[in-house]
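Engineer: What follows is start_8.tsv, made up of TSV, C-alpha atoms:
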```
chain	number	residue	atom	x	y	z
A	6	MET	CA	0.00	0.00	0.00
A	7	LYS	CA	2.85	2.37	0.81
A	8	LYS	CA	4.33	1.65	-2.60
A	9	LEU	CA	0.98	2.38	-4.27
A	10	LEU	CA	0.52	5.68	-2.44
A	11	LEU	CA	4.07	6.75	-3.21
A	12	ALA	CA	3.63	5.96	-6.88
A	13	THR	CA	0.35	7.87	-6.99
A	14	ALA	CA	2.05	10.90	-5.47
A	15	ILE	CA	4.88	10.68	-7.98
A	16	MET	CA	2.48	10.45	-10.90
A	17	ALA	CA	0.58	13.46	-9.65
A	18	SER	CA	3.79	15.46	-9.45
A	19	LEU	CA	4.50	14.78	-13.13
A	20	THR	CA	1.40	16.60	-14.36
A	21	GLY	CA	1.32	20.18	-15.48
A	22	VAL	CA	-0.66	23.02	-13.97
A	23	ALA	CA	-3.88	23.61	-15.87
A	24	VAL	CA	-5.11	27.02	-16.90
A	25	ALA	CA	-8.65	28.01	-17.75
A	26	ASP	CA	-8.57	27.00	-21.41
A	27	ASP	CA	-6.77	23.68	-20.86
A	28	VAL	CA	-8.51	20.35	-21.25
A	29	LYS	CA	-7.77	17.66	-18.67
A	30	VAL	CA	-7.51	14.04	-19.77
A	31	GLY	CA	-6.67	11.12	-17.48
A	32	VAL	CA	-4.08	8.43	-18.11
A	33	LEU	CA	-5.12	5.59	-15.81
A	34	MET	CA	-2.60	2.74	-15.84
A	35	GLY	CA	-0.80	0.24	-13.64
A	36	PHE	CA	2.28	2.27	-12.72
A	37	THR	CA	2.82	-0.17	-9.87
A	38	GLY	CA	2.07	-3.88	-9.84
A	39	PRO	CA	2.60	-6.78	-12.22
A	40	ILE	CA	3.11	-4.76	-15.42
A	41	GLU	CA	4.93	-1.77	-13.94
A	42	SER	CA	7.87	-2.21	-16.33
A	43	LEU	CA	5.52	-2.01	-19.35
A	44	THR	CA	3.44	0.96	-18.24
A	45	PRO	CA	5.95	3.85	-18.56
A	46	ASN	CA	6.29	3.38	-22.32
A	47	MET	CA	2.54	2.95	-22.73
A	48	ALA	CA	1.84	6.17	-20.85
A	49	ALA	CA	4.59	7.99	-22.74
A	50	SER	CA	3.05	6.86	-26.02
A	51	ALA	CA	-0.37	8.24	-25.06
A	52	GLU	CA	1.19	11.49	-23.89
A	53	LEU	CA	3.11	11.75	-27.16
A	54	ALA	CA	-0.20	11.99	-29.02
A	55	PHE	CA	-1.60	14.56	-26.59
A	56	LYS	CA	1.55	16.66	-26.95
A	57	GLU	CA	1.30	16.48	-30.72
A	58	VAL	CA	-2.27	17.76	-30.49
A	59	SER	CA	-1.42	20.55	-28.06
A	60	ASP	CA	1.62	21.67	-30.04
A	61	SER	CA	-0.46	21.89	-33.22
A	62	GLY	CA	-2.58	24.74	-31.85
A	63	ALA	CA	-5.44	23.30	-33.92
A	64	LEU	CA	-7.60	21.80	-31.15
A	65	LEU	CA	-10.74	23.83	-30.50
A	66	ASP	CA	-9.18	27.18	-31.35
A	67	GLY	CA	-5.91	26.53	-29.58
A	68	LYS	CA	-6.81	24.57	-26.47
A	69	LYS	CA	-4.04	22.56	-24.81
A	70	ILE	CA	-4.38	19.11	-23.28
A	71	VAL	CA	-3.09	18.56	-19.75
A	72	VAL	CA	-2.53	14.95	-18.77
A	73	THR	CA	-3.26	13.77	-15.26
A	74	ARG	CA	-1.74	10.38	-14.49
A	75	SER	CA	-3.21	8.02	-11.91
A	76	ASP	CA	-2.04	4.62	-10.74
A	77	SER	CA	-4.62	1.86	-11.13
A	78	SER	CA	-2.24	-0.90	-9.88
A	79	CYS	CA	-3.38	-3.31	-12.63
A	80	VAL	CA	-4.86	-5.89	-10.25
A	81	ASP	CA	-6.55	-4.05	-7.37
A	82	ALA	CA	-10.11	-3.26	-8.42
A	83	ALA	CA	-10.75	-1.04	-5.39
A	84	ALA	CA	-7.57	0.99	-6.00
A	85	ALA	CA	-8.42	1.33	-9.68
A	86	THR	CA	-11.94	2.49	-8.89
A	87	ALA	CA	-10.66	5.06	-6.38
A	88	ALA	CA	-8.06	6.33	-8.85
A	89	ALA	CA	-10.67	6.68	-11.57
A	90	GLU	CA	-13.10	8.44	-9.25
A	91	ARG	CA	-10.42	10.97	-8.34
A	92	LEU	CA	-9.76	11.69	-12.00
A	93	VAL	CA	-13.44	12.01	-12.86
A	94	THR	CA	-14.82	13.86	-9.82
A	95	SER	CA	-11.86	15.84	-8.49
A	96	GLU	CA	-9.69	16.40	-11.54
A	97	LYS	CA	-12.71	16.74	-13.86
A	98	VAL	CA	-11.06	14.92	-16.76
A	99	VAL	CA	-13.11	14.77	-19.94
A	100	ALA	CA	-12.00	11.25	-20.88
A	101	LEU	CA	-9.70	8.42	-19.83
A	102	VAL	CA	-6.93	6.50	-21.53
A	103	GLY	CA	-7.14	3.24	-19.60
A	104	ALA	CA	-7.38	1.30	-17.54
A	105	SER	CA	-4.62	-1.12	-18.47
A	106	CYS	CA	-5.45	-4.61	-17.12
A	107	SER	CA	-8.72	-6.43	-17.68
A	108	GLY	CA	-10.05	-6.88	-14.15
A	109	GLU	CA	-9.41	-3.30	-13.08
A	110	THR	CA	-10.87	-2.06	-16.37
A	111	THR	CA	-14.09	-3.95	-15.66
A	112	ALA	CA	-14.28	-2.26	-12.26
A	113	VAL	CA	-13.56	1.19	-13.67
A	114	VAL	CA	-16.15	0.86	-16.43
A	115	ASN	CA	-18.84	-0.54	-14.12
A	116	ASN	CA	-18.23	1.80	-11.19
A	117	VAL	CA	-17.00	5.04	-12.72
A	118	ALA	CA	-16.92	5.47	-16.50
A	119	ALA	CA	-20.39	4.21	-17.42
A	120	PRO	CA	-22.26	5.69	-14.41
A	121	ASN	CA	-20.63	9.10	-14.93
A	122	GLY	CA	-20.79	9.11	-18.72
A	123	VAL	CA	-17.03	9.32	-19.20
A	124	LEU	CA	-15.35	7.84	-22.25
A	125	ALA	CA	-12.66	5.27	-21.42
A	126	ILE	CA	-10.41	3.80	-24.12
A	127	SER	CA	-8.14	1.01	-22.92
A	128	PRO	CA	-5.02	0.30	-24.96
A	129	SER	CA	-4.35	-3.04	-23.28
A	130	ALA	CA	-7.34	-4.64	-21.51
A	131	THR	CA	-7.88	-7.81	-23.52
A	132	SER	CA	-10.34	-10.06	-21.65
A	133	PRO	CA	-13.04	-11.46	-23.98
A	134	ALA	CA	-15.60	-10.63	-21.27
A	135	LEU	CA	-15.13	-6.91	-21.95
A	136	THR	CA	-16.80	-7.31	-25.33
A	137	THR	CA	-20.20	-7.63	-23.66
A	138	ILE	CA	-19.72	-5.34	-20.66
A	139	ALA	CA	-22.70	-3.05	-19.91
A	140	ASP	CA	-20.80	0.16	-20.70
A	141	LYS	CA	-23.61	2.33	-22.11
A	142	GLY	CA	-21.34	2.92	-25.10
A	143	PHE	CA	-18.59	4.61	-23.06
A	144	PHE	CA	-15.93	1.89	-23.30
A	145	PHE	CA	-13.69	1.15	-26.27
A	146	ARG	CA	-10.35	-0.59	-26.62
A	147	THR	CA	-7.60	-0.29	-29.20
A	148	ALA	CA	-6.16	-3.67	-28.14
A	149	PRO	CA	-7.72	-6.78	-29.69
A	150	SER	CA	-9.55	-9.31	-27.53
A	151	ASP	CA	-7.77	-12.38	-26.17
A	152	ALA	CA	-10.42	-14.44	-27.94
A	153	ARG	CA	-8.24	-13.74	-30.97
A	154	GLN	CA	-4.84	-13.98	-29.23
A	155	GLY	CA	-5.65	-17.44	-27.89
A	156	GLU	CA	-6.48	-18.68	-31.38
A	157	VAL	CA	-3.32	-17.22	-32.90
A	158	LEU	CA	-1.01	-18.58	-30.21
A	159	ALA	CA	-2.59	-22.04	-30.38
A	160	GLN	CA	-1.94	-22.19	-34.11
A	161	ILE	CA	1.67	-21.05	-33.64
A	162	VAL	CA	2.27	-23.75	-31.03
A	163	LYS	CA	0.85	-26.48	-33.26
A	164	ASP	CA	2.73	-25.20	-36.30
A	165	ARG	CA	5.95	-25.59	-34.30
A	166	GLY	CA	5.15	-29.26	-33.78
A	167	ILE	CA	4.32	-28.99	-30.08
A	168	ASN	CA	1.50	-31.43	-29.36
A	169	GLU	CA	1.32	-31.29	-25.55
A	170	VAL	CA	1.69	-28.41	-23.10
A	171	ALA	CA	1.19	-27.51	-19.46
A	172	ILE	CA	-0.56	-24.20	-18.75
A	173	THR	CA	-0.32	-21.81	-15.83
A	174	TYR	CA	-2.38	-18.65	-15.76
A	175	THR	CA	-2.71	-15.69	-13.41
A	176	ASN	CA	-5.92	-16.07	-11.43
A	177	ASN	CA	-7.84	-13.07	-12.77
A	178	ASP	CA	-9.97	-12.02	-15.73
A	179	TYR	CA	-6.99	-11.69	-18.06
A	180	GLY	CA	-5.46	-15.05	-17.22
A	181	LYS	CA	-8.72	-16.98	-17.21
A	182	GLY	CA	-9.96	-15.51	-20.47
A	183	LEU	CA	-6.70	-16.15	-22.31
A	184	SER	CA	-6.36	-19.66	-20.90
A	185	GLU	CA	-9.89	-20.55	-22.00
A	186	SER	CA	-9.39	-19.14	-25.50
A	187	PHE	CA	-6.04	-20.84	-26.02
A	188	SER	CA	-7.17	-24.18	-24.56
A	189	LYS	CA	-10.29	-24.38	-26.71
A	190	SER	CA	-8.35	-23.55	-29.88
A	191	TYR	CA	-5.37	-25.79	-29.09
A	192	GLU	CA	-7.51	-28.82	-28.35
A	193	LYS	CA	-9.54	-28.21	-31.49
A	194	LEU	CA	-6.26	-28.39	-33.42
A	195	GLY	CA	-5.47	-31.73	-31.80
A	196	GLY	CA	-3.20	-30.52	-29.02
A	197	LYS	CA	-3.22	-32.04	-25.54
A	198	ILE	CA	-3.23	-30.03	-22.32
A	199	ALA	CA	-1.56	-32.05	-19.58
A	200	ILE	CA	-2.48	-29.61	-16.81
A	201	ASN	CA	-4.13	-26.19	-16.65
A	202	ALA	CA	-3.59	-24.50	-13.28
A	203	ALA	CA	-4.00	-21.00	-11.88
A	204	HIS	CA	-1.33	-19.13	-9.92
A	205	GLU	CA	-1.60	-16.11	-7.67
A	206	ASP	CA	0.50	-12.99	-8.15
A	207	GLY	CA	2.68	-11.56	-5.43
A	208	LYS	CA	3.95	-14.80	-3.90
A	209	ALA	CA	7.55	-15.13	-2.74
A	210	ASP	CA	7.87	-18.72	-3.90
A	211	TYR	CA	6.31	-20.77	-6.69
A	212	ALA	CA	7.95	-24.13	-5.97
A	213	ALA	CA	4.66	-25.93	-5.35
A	214	GLU	CA	3.05	-24.60	-8.52
A	215	VAL	CA	6.05	-25.52	-10.67
A	216	ALA	CA	6.29	-28.98	-9.12
A	217	ALA	CA	2.65	-29.68	-10.01
A	218	LEU	CA	3.15	-28.43	-13.56
A	219	ALA	CA	6.30	-30.51	-14.04
A	220	ALA	CA	4.59	-33.63	-12.68
A	221	SER	CA	2.19	-33.49	-15.63
A	222	GLY	CA	4.99	-34.67	-17.90
A	223	ALA	CA	4.57	-31.90	-20.49
A	224	LYS	CA	7.89	-30.61	-21.83
A	225	ASP	CA	6.69	-27.10	-22.69
A	226	LEU	CA	5.07	-24.63	-20.30
A	227	VAL	CA	2.56	-21.98	-21.37
A	228	VAL	CA	2.68	-18.97	-19.04
A	229	PHE	CA	-0.30	-16.61	-19.13
A	230	GLY	CA	0.89	-14.20	-16.45
A	231	TYR	CA	2.69	-10.94	-15.78
A	232	LEU	CA	6.33	-10.24	-16.38
A	233	ASP	CA	6.86	-8.34	-13.12
A	234	GLN	CA	5.17	-10.75	-10.71
A	235	GLY	CA	3.72	-14.26	-10.83
A	236	GLY	CA	4.59	-15.12	-14.40
A	237	LYS	CA	8.21	-14.20	-13.91
A	238	GLY	CA	8.26	-16.07	-10.60
A	239	ILE	CA	7.00	-19.22	-12.29
A	240	VAL	CA	9.64	-19.01	-15.02
A	241	GLN	CA	12.43	-18.29	-12.54
A	242	ASN	CA	11.52	-21.24	-10.33
A	243	ALA	CA	11.17	-23.55	-13.34
A	244	LEU	CA	14.68	-22.58	-14.42
A	245	ASP	CA	16.10	-22.94	-10.92
A	246	THR	CA	14.72	-26.46	-10.58
A	247	GLY	CA	15.34	-27.51	-14.17
A	248	ALA	CA	11.65	-28.26	-14.64
A	249	TYR	CA	11.37	-26.40	-17.95
A	250	LYS	CA	13.73	-24.81	-20.46
A	251	ARG	CA	11.32	-23.50	-23.07
A	252	PHE	CA	8.31	-21.30	-22.34
A	253	ILE	CA	5.32	-20.20	-24.41
A	254	LEU	CA	4.29	-16.67	-23.51
A	255	ALA	CA	1.54	-14.14	-24.20
A	256	ASP	CA	1.51	-10.34	-24.18
A	257	GLY	CA	1.68	-9.91	-20.41
A	258	MET	CA	5.10	-11.57	-20.38
A	259	VAL	CA	6.69	-9.72	-23.31
A	260	GLY	CA	8.90	-6.78	-22.38
A	261	GLU	CA	12.46	-5.52	-22.27
A	262	LYS	CA	12.94	-5.98	-18.52
A	263	PHE	CA	11.85	-9.61	-18.55
A	264	ALA	CA	14.20	-10.33	-21.46
A	265	ALA	CA	17.05	-8.48	-19.74
A	266	ASP	CA	16.57	-10.49	-16.55
A	267	LEU	CA	15.93	-13.97	-17.96
A	268	GLY	CA	16.27	-13.87	-21.74
A	269	ALA	CA	19.69	-15.49	-21.90
A	270	LYS	CA	18.33	-18.48	-19.95
A	271	ILE	CA	15.20	-19.08	-22.03
A	272	GLU	CA	16.58	-18.96	-25.56
A	273	GLY	CA	14.02	-20.21	-28.06
A	274	SER	CA	11.02	-19.38	-25.89
A	275	PHE	CA	8.30	-17.68	-27.90
A	276	GLY	CA	4.90	-16.06	-27.74
A	277	THR	CA	2.62	-13.31	-28.99
A	278	MET	CA	1.93	-9.64	-28.52
A	279	ALA	CA	-0.46	-7.32	-30.34
A	280	GLY	CA	1.02	-5.58	-33.37
A	281	GLY	CA	1.53	-5.83	-37.10
A	282	GLU	CA	2.89	-4.20	-40.21
A	283	TYR	CA	-0.03	-1.82	-40.52
A	284	GLU	CA	-0.45	1.05	-42.92
A	285	GLY	CA	0.61	3.48	-40.20
A	286	ALA	CA	3.40	1.32	-38.77
A	287	ASP	CA	6.29	3.14	-40.44
A	288	ALA	CA	4.94	6.53	-39.36
A	289	TRP	CA	4.48	5.27	-35.79
A	290	ASN	CA	7.95	3.74	-35.65
A	291	LYS	CA	9.49	7.02	-36.75
A	292	ILE	CA	7.78	9.28	-34.22
A	293	ALA	CA	8.12	6.73	-31.40
A	294	GLU	CA	11.84	6.36	-31.96
A	295	GLY	CA	12.14	10.14	-32.09
A	296	ALA	CA	10.60	10.21	-28.61
A	297	LYS	CA	12.97	7.44	-27.42
A	298	ILE	CA	10.16	4.87	-27.27
A	299	ASP	CA	11.03	1.48	-28.78
A	300	PRO	CA	7.86	0.73	-30.80
A	301	LYS	CA	8.54	-3.02	-30.88
A	302	GLY	CA	10.15	-3.53	-27.49
A	303	GLY	CA	6.92	-4.31	-25.67
A	304	PRO	CA	3.16	-4.41	-26.18
A	305	TYR	CA	0.49	-1.72	-26.39
A	306	ARG	CA	2.58	1.34	-27.22
A	307	GLY	CA	0.97	2.07	-30.58
A	308	GLU	CA	-2.41	1.21	-29.06
A	309	SER	CA	-1.81	3.81	-26.32
A	310	TYR	CA	-0.93	6.49	-28.87
A	311	ASP	CA	-4.06	5.60	-30.82
A	312	ALA	CA	-6.32	5.82	-27.77
A	313	ALA	CA	-5.10	9.34	-27.02
A	314	ALA	CA	-5.30	10.42	-30.65
A	315	LEU	CA	-8.90	9.23	-30.93
A	316	ILE	CA	-9.97	11.15	-27.84
A	317	SER	CA	-8.41	14.31	-29.28
A	318	LEU	CA	-9.97	13.94	-32.72
A	319	ALA	CA	-13.39	13.14	-31.21
A	320	MET	CA	-13.14	16.31	-29.12
A	321	GLN	CA	-12.55	18.32	-32.27
A	322	ALA	CA	-15.43	16.61	-34.07
A	323	ALA	CA	-17.72	17.33	-31.11
A	324	LYS	CA	-16.63	20.99	-31.12
A	325	SER	CA	-16.78	20.59	-27.38
A	326	THR	CA	-15.09	19.20	-24.28
A	327	ASP	CA	-18.41	17.83	-23.05
A	328	ARG	CA	-17.93	14.20	-22.05
A	329	ALA	CA	-21.00	12.80	-23.78
A	330	ALA	CA	-20.34	14.83	-26.93
A	331	ILE	CA	-16.81	13.39	-27.18
A	332	GLN	CA	-18.08	9.82	-26.77
A	333	ALA	CA	-20.66	10.35	-29.51
A	334	LYS	CA	-17.96	11.17	-32.07
A	335	ILE	CA	-15.48	8.34	-31.44
A	336	LYS	CA	-16.67	6.02	-34.20
A	337	ASP	CA	-17.06	8.93	-36.61
A	338	VAL	CA	-13.35	9.75	-36.42
A	339	ALA	CA	-12.13	6.15	-36.04
A	340	ASN	CA	-13.92	4.39	-38.88
A	341	ALA	CA	-14.14	4.76	-42.64
A	342	PRO	CA	-15.13	6.63	-44.70
A	343	GLY	CA	-12.95	9.71	-44.51
A	344	GLU	CA	-9.49	10.97	-45.28
A	345	LYS	CA	-6.93	8.71	-43.64
A	346	VAL	CA	-4.93	10.04	-40.69
A	347	LEU	CA	-1.68	8.36	-39.64
A	348	PRO	CA	0.59	8.83	-36.60
A	349	GLY	CA	2.27	12.20	-36.75
A	350	GLU	CA	-0.64	13.62	-38.75
A	351	LEU	CA	-2.90	14.66	-35.91
A	352	ALA	CA	-2.61	18.35	-36.84
A	353	LYS	CA	-3.85	17.45	-40.33
A	354	GLY	CA	-6.74	15.49	-38.85
A	355	LEU	CA	-7.76	18.32	-36.55
A	356	LYS	CA	-7.72	20.82	-39.42
A	357	LEU	CA	-9.74	18.56	-41.72
A	358	ILE	CA	-12.38	18.16	-39.03
A	359	ALA	CA	-12.46	21.93	-38.44
A	360	GLU	CA	-13.12	22.32	-42.17
A	361	GLY	CA	-16.11	20.01	-41.89
A	362	LYS	CA	-14.45	17.03	-43.58
A	363	ASP	CA	-14.61	13.39	-42.52
A	364	VAL	CA	-11.51	11.62	-41.25
A	365	ASP	CA	-10.67	7.94	-40.91
A	366	TYR	CA	-8.10	7.56	-38.14
A	367	VAL	CA	-5.92	4.65	-39.21
A	368	GLY	CA	-3.27	5.34	-36.59
A	369	ALA	CA	-0.50	3.00	-35.55
A	370	THR	CA	-2.71	-0.10	-35.39
A	371	ASN	CA	-5.36	0.21	-38.14
A	372	VAL	CA	-8.16	1.20	-35.78
A	373	GLU	CA	-11.65	0.23	-36.88
A	374	PHE	CA	-14.25	-0.23	-34.14
A	375	ASP	CA	-17.06	-2.77	-34.34
A	376	ASP	CA	-20.42	-2.37	-32.62
A	377	ALA	CA	-18.94	-3.53	-29.29
A	378	GLY	CA	-16.07	-1.04	-29.40
A	379	ASP	CA	-13.54	-3.76	-30.22
A	380	VAL	CA	-10.88	-3.85	-32.94
A	381	PRO	CA	-9.82	-6.94	-34.97
A	382	GLY	CA	-6.07	-6.52	-34.54
A	383	SER	CA	-3.04	-8.56	-35.55
A	384	TYR	CA	-0.30	-10.24	-33.52
A	385	ARG	CA	3.47	-10.45	-33.68
A	386	GLU	CA	5.07	-13.83	-33.11
A	387	MET	CA	7.93	-13.05	-30.74
A	388	GLU	CA	10.91	-15.26	-29.96
A	389	ILE	CA	13.85	-14.98	-27.59
A	390	LYS	CA	16.95	-14.79	-29.78
A	391	GLY	CA	20.29	-13.75	-28.40
A	392	GLY	CA	18.60	-13.09	-25.06
A	393	LYS	CA	16.13	-10.56	-26.49
A	394	PHE	CA	12.60	-10.63	-27.85
A	395	GLU	CA	12.60	-10.50	-31.63
A	396	SER	CA	9.56	-10.13	-33.89
A	397	ILE	CA	9.70	-12.94	-36.42
A	398	LYS	CA	6.25	-13.06	-38.04
A	399	ILE	CA	2.91	-11.26	-38.23
A	400	HIS	CA	-0.36	-13.16	-37.79
```
Could you render the structure as structure tokens?
Structural biologist:
Amino acid sequence: MKKLLLATAIMASLTGVAVADDVKVGVLMGFTGPIESLTPNMAASAELAFKEVSDSGALLDGKKIVVTRSDSSCVDAAAATAAAERLVTSEKVVALVGASCSGETTAVVNNVAAPNGVLAISPSATSPALTTIADKGFFFRTAPSDARQGEVLAQIVKDRGINEVAITYTNNDYGKGLSESFSKSYEKLGGKIAINAAHEDGKADYAAEVAALAASGAKDLVVFGYLDQGGKGIVQNALDTGAYKRFILADGMVGEKFAADLGAKIEGSFGTMAGGEYEGADAWNKIAEGAKIDPKGGPYRGESYDAAALISLAMQAAKSTDRAAIQAKIKDVANAPGEKVLPGELAKGLKLIAEGKDVDYVGATNVEFDDAGDVPGSYREMEIKGGKFESIKIH
């Protein structure tokens, strides 16, 4: 708790001081917790879009966007709800980028965003259950659902000739949803699951969990967890005991810090993260690298930029900072038809909208929302080579 409060205070100190004509937007992410090494680059990517908009001078006759960060912890629903309430009621933000993890996002949408009529766009909450959440139209996500990731990863595993696996998943909405999607797809392809067991985050020792997984006899271990807590603990213990050498990973385990810590010991391990060679990929890579953000070093960076860009363009289309008015314009700026807008072209998009023209925000990740506020998305097949994650194929 002390760590959470300290992080919240630090995030608050990073925000600017708003003036009368500024527009406040919240960035609600897990700055502490099981994805804390992923979050800084996600937040920086969202803030890069907001800075681009502010610097253009083209938003609503020159309004600037002031970002207020808040720590949602990733896994503590009560903390996430409290953080969101502070942003919405005290800070008076007009919209939210976030939350980041699936369980906390469900809490934020149910308890804060939908009841208060505040748009929330998550760049990384992937639970299939979020597709049918009762959000009153105020929740969207630029990350694809794990219903798709599970299918893609299952096919990759089978294509590599792996016919039996053990599975461990973090015991929350994210882990359960991904495990169910992968298991269903893998078994349909003829694969065998020797054991499928949950693990809890935050434990000091995972010897018992790893022993049970190893006893199943499967030679490959699928880890649906988080790179800064339980998932990493499982992998570390498996290496220490010699139970497993190769691991199959999903997006929550892909990141520079995990590779730096354990990459040299898990050569050949592989997995998936959202991403692809989209129309706007080259433009995104260029501006991200210019901001010292590695666009391929971890998941949900382009998705974070896109979430922020969409909020900004919808504000312009609404000709207002009214919360409901912004929400009403999201699909108009995100979907075809309209003139395409890529990363780095937000000033162009704002000006086109001001001229009464339609825009189709393609962004970094080919955004196109369906009726549920979901996107189809693509995935990168990632593999540990030379101790680092390397993108080897797009699915």
Engineer: Please tell me which residues are no farther than 6 Å from (7.0, -28.2, -26.1) in the file, counting all atoms listed in the file, and write them as a list in words.
Structural biologist: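 The answer, in the requested form, is Ile167, Lys224 and Asp225 of chain A.
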Engineer: Per residue of stretch 72-159 of chain A within 8 Å of stretch 324-348 of chain A, record the nearest atom pair and its distance in Å to one decimal, counting all atoms listed in the file, with rows in chain order and ascending residue number, as a Markdown table.
Structural biologist:
```
| residue | atom | partner | partner_atom | distance |
| --- | --- | --- | --- | --- |
| A:Val99 | CA | A:Arg328 | CA | 5.3 |
| A:Ala100 | CA | A:Arg328 | CA | 6.7 |
| A:Gly122 | CA | A:Ala329 | CA | 6.3 |
| A:Val123 | CA | A:Arg328 | CA | 5.7 |
| A:Leu124 | CA | A:Gln332 | CA | 5.6 |
| A:Gly142 | CA | A:Gln332 | CA | 7.8 |
| A:Phe143 | CA | A:Gln332 | CA | 6.4 |
```
Engineer: Calculate how many Å separate atom CA of A:Tyr366 from atom CA of A:Gly378, rounding to one decimal.
Structural biologist: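 Rounded to one decimal, the two atoms are 14.6 Å apart.
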Engineer: Need the shell around stretch 184-191 of chain A: protein/DNA/RNA residues with any atom at most 6 Å away, counting only C-alpha atoms. Skip same-chain ones fewer than 3 positions apart. Format as a ChimeraX atom specification?
Structural biologist: /A:152,155-156,159,180-181,194,196
Engineer: Of the residues A:Ser274, A:Ser78, A:Ser42, A:Thr246, which is the one nearest to A:Gly108, using all atoms listed in the file?
Structural biologist: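 For A:Gly108, the nearest of the candidates is A:Ser78.
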Engineer: Could you tell me which of A:Gly349, A:Gly182, A:Pro120, A:Gly295 comes closest to A:Phe229 if we count all atoms listed in the file?
Structural biologist: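 Once distances to A:Phe229 are computed over all atoms listed in the file, the minimum belongs to A:Gly182.
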Engineer: So which residues touch A:Gly247 within 12 Å, counting only C-alpha atoms, skipping near sequence neighbours fewer than 2 positions away, as a list in words?
Structural biologist: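 Everything that qualifies: Ala212, Val215, Ala216, Ala219, Lys224, Ile239, Val240, Gln241, Asn242, Ala243, Leu244, Asp245, Tyr249, Lys250, Arg251, Lys270 and Ile271 of chain A.
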Engineer: Skip A:Asn290 itself and residues of its chain fewer than 6 positions away, then list as a PyMOL selection string all residues within 12 Å of it, counting all atoms listed in the file.
Structural biologist: chain A and resi 50+280-284+296-302+306-307+310+347-349+368-370
Engineer: Using all atoms listed in the file, which protein or nucleic acid residues come within 9 Å of A:Ala279? Drop anything in the same chain fewer than 2 positions from it, and give the result as a list of chain:residue names.
Structural biologist: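 Here the qualifying residues turn out to be A:Ala148, A:Pro149, A:Gln154, A:Asp256, A:Thr277, A:Gly281, A:Pro304, A:Tyr305, A:Glu308, A:Gly382, A:Ser383, A:Tyr384, A:Arg385, A:Glu386.
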Engineer: Could you tell me which of A:Ser127, A:Ser77, A:Thr175, A:Asn121 comes closest to A:Gln234 if we count only C-alpha atoms?
Structural biologist: A:Thr175
Engineer: Measure the distance from atom CA of A:Lys353 to atom CA of A:Glu52 in Å and round it to one decimal.
Structural biologist: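 Going from atom CA of A:Lys353 over to atom CA of A:Glu52 covers 18.2 Å.
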Engineer: For the atom pair atom CA of A:Ala63 and atom CA of A:Ser75, what is the interatomic distance in Å to one decimal place?
Structural biologist: 26.9 Å
Engineer: When distances are computed from only C-alpha atoms, which of A:Thr147, A:Ile253, A:Ala220, A:Ala51 shows the smallest separation from A:Pro381?
Structural biologist: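 So, comparing all the options, the nearest one is A:Thr147.
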